[in-house]
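Enquirer: Here you go, this is input00.cif (mmCIF, C-alpha atoms).
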```cif
data_start
#
loop_
_atom_site.label_atom_id
_atom_site.label_comp_id
_atom_site.auth_asym_id
_atom_site.auth_seq_id
_atom_site.Cartn_x
_atom_site.Cartn_y
_atom_site.Cartn_z
CA MET A 28 -4.73 -4.41 5.62
CA SER A 29 -6.00 -0.99 6.67
CA GLU A 30 -2.53 0.52 6.11
CA LEU A 31 -2.47 -0.98 2.63
CA MET A 32 -5.95 0.42 2.00
CA VAL A 33 -4.85 3.93 2.96
CA ASP A 34 -1.79 3.70 0.71
CA LEU A 35 -3.88 2.37 -2.18
CA ALA A 36 -6.55 5.02 -1.66
CA TYR A 37 -3.98 7.83 -1.81
CA SER A 38 -2.47 6.18 -4.88
CA ALA A 39 -5.91 5.96 -6.48
CA VAL A 40 -6.46 9.69 -5.94
CA LEU A 41 -2.91 10.68 -6.90
CA PHE A 42 -2.92 8.62 -10.12
CA ASN A 43 -6.68 8.81 -10.76
CA SER A 44 -6.75 5.00 -10.81
CA LYS A 45 -10.25 3.55 -10.79
CA THR A 46 -8.77 0.05 -10.58
CA ALA A 47 -6.90 0.87 -7.37
CA ALA A 48 -10.04 2.55 -6.01
CA GLU A 49 -12.09 -0.58 -6.75
CA GLU A 50 -9.51 -2.68 -4.91
CA VAL A 51 -9.86 -0.40 -1.88
CA ILE A 52 -13.61 -1.07 -1.93
CA THR A 53 -12.99 -4.83 -2.08
CA LEU A 54 -10.55 -4.64 0.85
CA GLU A 55 -12.97 -2.49 2.83
CA ASN A 56 -15.60 -5.21 2.49
CA GLU A 57 -13.07 -7.74 3.82
CA VAL A 58 -12.25 -5.51 6.80
CA ASN A 59 -15.96 -5.13 7.56
CA SER A 60 -16.37 -8.91 7.43
CA MET A 61 -13.38 -9.46 9.72
CA ASN A 62 -14.68 -6.83 12.16
CA TYR A 63 -18.03 -8.64 12.27
CA GLN A 64 -16.23 -11.93 12.98
CA ILE A 65 -14.24 -10.34 15.81
CA LYS A 66 -17.46 -9.02 17.37
CA MET A 67 -19.17 -12.41 17.07
CA GLU A 68 -16.25 -14.33 18.53
CA SER A 69 -15.87 -11.81 21.35
CA LEU A 70 -19.51 -12.27 22.30
CA VAL A 71 -19.09 -16.03 22.34
CA ALA A 72 -15.83 -15.82 24.31
CA ALA A 73 -17.13 -13.45 27.00
CA ARG A 74 -18.52 -15.65 29.75
CA SER A 75 -18.22 -13.11 32.53
CA TYR A 76 -17.92 -9.40 33.19
CA GLU A 77 -14.14 -9.81 33.56
CA ASP A 78 -13.91 -11.57 30.18
CA ALA A 79 -15.90 -8.74 28.60
CA GLU A 80 -13.51 -6.16 30.10
CA LYS A 81 -10.50 -7.99 28.66
CA LEU A 82 -12.08 -8.20 25.20
CA THR A 83 -12.93 -4.49 25.11
CA ALA A 84 -9.40 -3.55 23.94
CA LEU A 85 -9.66 -6.01 21.04
CA LEU A 86 -13.02 -4.56 20.03
CA GLU A 87 -11.61 -1.01 20.18
CA ILE A 88 -8.72 -2.00 17.88
CA ALA A 89 -11.17 -3.62 15.46
CA GLU A 90 -13.32 -0.50 15.50
CA ALA A 91 -10.32 1.78 14.85
CA THR A 92 -9.25 -0.43 11.96
CA GLU A 93 -12.73 -0.27 10.48
CA THR A 94 -12.72 3.53 10.83
CA MET A 95 -9.44 3.70 8.88
CA ALA A 96 -10.85 1.35 6.24
CA ASN A 97 -13.97 3.50 5.90
CA ALA A 98 -11.85 6.64 5.46
CA ALA A 99 -9.83 4.90 2.73
CA LYS A 100 -13.10 3.87 1.07
CA ASP A 101 -14.25 7.50 1.15
CA LEU A 102 -11.10 8.51 -0.78
CA ALA A 103 -11.63 5.67 -3.26
CA ASP A 104 -15.24 6.76 -3.75
CA LEU A 105 -13.99 10.18 -4.84
CA VAL A 106 -12.05 8.56 -7.69
CA LEU A 107 -14.95 6.29 -8.66
CA THR A 108 -17.38 9.20 -8.84
CA GLY A 109 -15.01 11.17 -11.10
CA PHE A 110 -14.07 13.82 -8.54
CA LYS A 111 -10.88 15.63 -9.53
CA PRO A 112 -8.70 16.62 -6.57
CA HIS A 113 -7.68 20.22 -6.14
CA PRO A 114 -4.15 20.91 -7.49
CA VAL A 115 -3.08 21.68 -3.92
CA PHE A 116 -3.55 17.98 -3.06
CA LYS A 117 -0.81 16.95 -5.46
CA ARG A 118 1.50 19.67 -4.10
CA VAL A 119 0.85 18.56 -0.54
CA MET A 120 1.61 14.97 -1.49
CA GLU A 121 4.81 16.07 -3.24
CA GLU A 122 5.93 17.98 -0.13
CA SER A 123 5.25 15.12 2.26
CA ASP A 124 8.26 13.28 3.64
CA LYS A 125 7.07 10.09 1.93
CA SER A 126 6.50 9.68 -1.78
CA ILE A 127 4.01 7.32 -3.34
CA VAL A 128 5.01 6.43 -6.88
CA ARG A 129 3.92 4.05 -9.58
CA VAL A 130 6.47 2.49 -11.92
CA THR A 131 6.22 -0.18 -14.60
CA VAL A 132 8.97 -2.78 -14.80
CA ASP A 133 10.55 -2.81 -18.26
CA GLU A 134 11.75 -6.14 -19.59
CA SER A 135 15.28 -4.69 -19.76
CA SER A 136 15.21 -3.85 -16.04
CA GLU A 137 17.13 -6.02 -13.60
CA LEU A 138 14.02 -5.86 -11.41
CA ALA A 139 12.29 -8.21 -13.88
CA ASN A 140 12.42 -11.88 -12.85
CA SER A 141 13.89 -11.10 -9.42
CA THR A 142 12.30 -11.57 -6.01
CA LEU A 143 11.87 -8.67 -3.62
CA GLY A 144 14.07 -10.56 -1.16
CA ASP A 145 16.91 -10.74 -3.69
CA LEU A 146 16.53 -7.08 -4.64
CA LEU A 147 16.43 -5.64 -1.07
CA LEU A 148 14.75 -2.49 -2.42
CA VAL A 149 13.87 -1.09 1.00
CA ASN A 150 17.49 -1.31 2.17
CA ARG A 151 18.99 -0.12 -1.11
CA THR A 152 16.54 2.59 -2.14
CA GLY A 153 14.32 3.44 0.83
CA MET A 154 11.28 2.39 -1.22
CA ARG A 155 8.80 -0.30 -0.14
CA VAL A 156 6.57 -2.07 -2.66
CA ILE A 157 3.03 -1.87 -1.27
CA SER A 158 1.24 -3.47 -4.19
CA ILE A 159 1.81 -4.90 -7.63
CA ARG A 160 -0.59 -4.81 -10.52
CA ARG A 161 -0.01 -7.78 -12.80
CA GLY A 162 -2.32 -7.79 -15.77
CA SER A 163 -5.80 -7.32 -14.34
CA SER A 164 -5.03 -8.57 -10.83
CA TRP A 165 -3.32 -7.08 -7.79
CA ILE A 166 -0.81 -8.46 -5.29
CA TYR A 167 -1.16 -6.71 -1.94
CA GLY A 168 1.55 -6.56 0.69
CA PRO A 169 4.08 -8.55 -1.36
CA ASP A 170 6.76 -10.35 0.63
CA LYS A 171 10.40 -11.30 0.04
CA ASN A 172 9.36 -14.30 -2.08
CA THR A 173 7.30 -12.23 -4.51
CA MET A 174 8.79 -12.30 -7.99
CA LEU A 175 8.66 -9.13 -10.08
CA LEU A 176 7.91 -9.63 -13.75
CA ALA A 177 8.27 -7.44 -16.82
CA ASN A 178 5.24 -5.16 -17.26
CA ASP A 179 4.32 -5.33 -13.54
CA SER A 180 3.10 -1.96 -12.27
CA LEU A 181 4.49 -1.34 -8.80
CA ILE A 182 3.09 1.09 -6.26
CA LEU A 183 5.83 2.06 -3.84
CA LYS A 184 6.17 4.28 -0.80
CA GLY A 185 9.37 5.87 0.44
CA THR A 186 11.76 8.75 -0.05
CA ASP A 187 11.99 11.18 -2.97
CA GLU A 188 15.55 10.03 -3.72
CA GLY A 189 14.41 6.44 -3.72
CA ALA A 190 11.47 7.25 -5.98
CA ASP A 191 13.78 8.78 -8.59
CA LEU A 192 16.09 5.79 -8.40
CA LEU A 193 13.25 3.27 -8.66
CA GLU A 194 11.92 4.98 -11.77
CA LYS A 195 15.34 4.58 -13.40
CA LEU A 196 15.72 0.98 -12.19
CA ALA A 197 12.28 0.00 -13.47
CA ALA A 198 12.97 1.58 -16.86
CA GLY A 199 16.28 -0.26 -17.17
CA ALA A 200 18.14 3.08 -17.23
CA CYS A 201 20.42 2.03 -14.34
CA SER A 202 21.28 -1.03 -12.27
CA LEU A 203 21.44 -1.81 -8.58
CA ASP A 204 25.23 -1.52 -8.86
CA ASP A 205 24.75 2.18 -9.70
CA ILE A 206 23.19 2.96 -6.30
CA PRO A 207 25.38 5.35 -4.31
CA ASP A 208 26.64 3.86 -1.04
CA GLU A 209 25.28 6.79 1.00
CA LEU A 210 21.73 6.02 -0.18
CA GLU A 211 22.13 2.33 0.69
CA ASP A 212 23.40 3.14 4.17
CA GLU A 213 20.53 5.50 5.11
CA ASP A 214 18.32 2.68 6.41
#
```
Just give me the structure as structure tokens.
Expert:
Amino acid sequence: MSELMVDLAYSAVLFNSKTAAEEVITLENEVNSMNYQIKMESLVAARSYEDAEKLTALLEIAEATETMANAAKDLADLVLTGFKPHPVFKRVMEESDKSIVRVTVDESSELANSTLGDLLLVNRTGMRVISIRRGSSWIYGPDKNTMLLANDSLILKGTDEGADLLEKLAAGACSLDDIPDELEDED
């Protein structure tokens, strides 16, 4: 969940999406709640000094996860307060080895009405769908059974080549059969 939050937070800043930023805030509240539960259950489970020692690693992981969630929330807060990132931010994101892109599935696209498992986008394009906006709701961490529909907005992470290809696929400008073999074989 914290990885998804970081991806969504960067997407919120990159695309100036208040909706994505609000979702980061919602997820951060869930992480805080889960962290509290972990602390409570650890206290109940620790019946001796040795038990407490064993549970320390779990508590450290929970704390690190909460720190990541808080950092993602800080990025989301920038978007919600109307802060405009410096142009260098976009350049840095463009030069990173991973691209985060947003595409909308056109009804003419073969992505529409197909599951992620059937499409094998990660294998074929190097792009992983990290979230889907459908109407006013979000689907986080979609799995192989998640069906893509026309007008879904996808947030994806992957390679620059894959990002270009996904934009064309989503627009219906090309099909999965048009993917060069060398791109498919990279993963």
Enquirer: Just say which residues the PyMOL selection byres ((chain A and resi 144-146) around 9) picks in this file, as a ChimeraX atom specification.
Expert: /A:138,141-143,147-151,170-174,203
Enquirer: Exactly which residues make up the result of the PyMOL selection byres ((chain A and resi 29) around 7) on this file, given as JSON, numbers by chain?
Expert: {"A": [28, 30, 31, 32, 33, 92, 95, 96]}
Enquirer: Report as a PyMOL selection string the full result of the PyMOL selection byres ((chain A and resi 192) around 12) when it is applied to this structure.
Expert: chain A and resi 128+130+148-149+151-154+183+185-191+193-207+210-211
Enquirer: What gap, in Å, lies between atom CA of Val132 of chain A and atom CA of Leu175 of chain A?
Expert: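 That distance, rounded to one decimal, is 7.9 Å.
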Enquirer: Atom CA of Glu49 of chain A and atom CA of Ala99 of chain A, how far apart in Å?
Expert: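 Between atom CA of Ala99 of chain A and atom CA of Glu49 of chain A the gap works out to 11.2 Å.
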Enquirer: Looking at all atoms listed in the file, which of A:Ile88, A:Leu35, A:Leu70, A:Ala177 is the one that sits closest to Glu50 of chain A?
Expert: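 Looking at the shortest contact to Glu50 of chain A, the residue is A:Leu35.
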Enquirer: Which of these, A:Ala139, A:Met61, A:Leu102, A:Leu181, has the shortest distance to Ile157 of chain A once you count all atoms listed in the file?
Expert: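 Once distances to Ile157 of chain A are computed over all atoms listed in the file, the minimum belongs to A:Leu181.
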Enquirer: Report as number ranges by chain all protein, DNA and RNA residues lying within 9 Å of Gly162 of chain A, evaluated on only C-alpha atoms, omitting residues in the same chain fewer than 3 positions from it.
Expert: A: 165, 178-180
Enquirer: Mind dumping the selected residues with C-alpha atoms as a JSON list (two decimals), keeping the file's coordinate frame?
Expert:
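Once everything was written out, this is out.json:
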```
[["chain", "number", "residue", "atom", "x", "y", "z"],
["A", 165, "TRP", "CA", -3.32, -7.08, -7.79],
["A", 178, "ASN", "CA", 5.24, -5.16, -17.26],
["A", 179, "ASP", "CA", 4.32, -5.33, -13.54],
["A", 180, "SER", "CA", 3.10, -1.96, -12.27]]
```
Enquirer: Work out how far apart atom CA of Thr53 of chain A and atom CA of Leu176 of chain A are and give it in Å to one decimal.
Expert: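 Atom CA of Thr53 of chain A sits 24.4 Å away from atom CA of Leu176 of chain A.
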Enquirer: Need the shell around Asn97 of chain A: protein/DNA/RNA residues with any atom at most 8 Å away, counting only C-alpha atoms. Skip same-chain ones fewer than 4 positions apart. Format as a list in words?
Expert: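 After dropping sequence-adjacent residues, the list is Glu55, Glu93 and Asp101 of chain A.
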Enquirer: Could you tell me which of A:Met67, A:Tyr37, A:Leu85, A:Asp133 comes closest to Lys100 of chain A if we count only C-alpha atoms?
Expert: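 Checking each of A:Met67, A:Tyr37, A:Leu85, A:Asp133 against Lys100 of chain A, counting only C-alpha atoms, the winner is A:Tyr37.
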Enquirer: Using all atoms listed in the file, which residue out of A:Lys66, A:Lys45, A:Arg160, A:Lys184 lies closest to Ala103 of chain A?
Expert: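 Ranking A:Lys66, A:Lys45, A:Arg160, A:Lys184 by distance to Ala103 of chain A, first place goes to A:Lys45.
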Enquirer: Could you pull out every residue with an atom within 8 Å of (-6.5, 12.9, -2.7), file coordinates, counting all atoms listed in the file, and send them as a PDB file with C-alpha atoms, in the coordinates of the input?
Expert:
```pdb
ATOM      1  CA  ALA A  36      -6.550   5.020  -1.660  1.00  0.00           C
ATOM      2  CA  TYR A  37      -3.980   7.830  -1.810  1.00  0.00           C
ATOM      3  CA  ALA A  39      -5.910   5.960  -6.480  1.00  0.00           C
ATOM      4  CA  VAL A  40      -6.460   9.690  -5.940  1.00  0.00           C
ATOM      5  CA  LEU A  41      -2.910  10.680  -6.900  1.00  0.00           C
ATOM      6  CA  LEU A 102     -11.100   8.510  -0.780  1.00  0.00           C
ATOM      7  CA  PRO A 112      -8.700  16.620  -6.570  1.00  0.00           C
ATOM      8  CA  PHE A 116      -3.550  17.980  -3.060  1.00  0.00           C
ATOM      9  CA  LYS A 117      -0.810  16.950  -5.460  1.00  0.00           C
TER      10      LYS A 117
END
```
Enquirer: Which is closest to Thr94 of chain A among A:Val58, A:His113, A:Ser38, A:Ala73, if we use all atoms listed in the file?
Expert: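 Answer, going by the shortest atom-to-atom distance: A:Val58.
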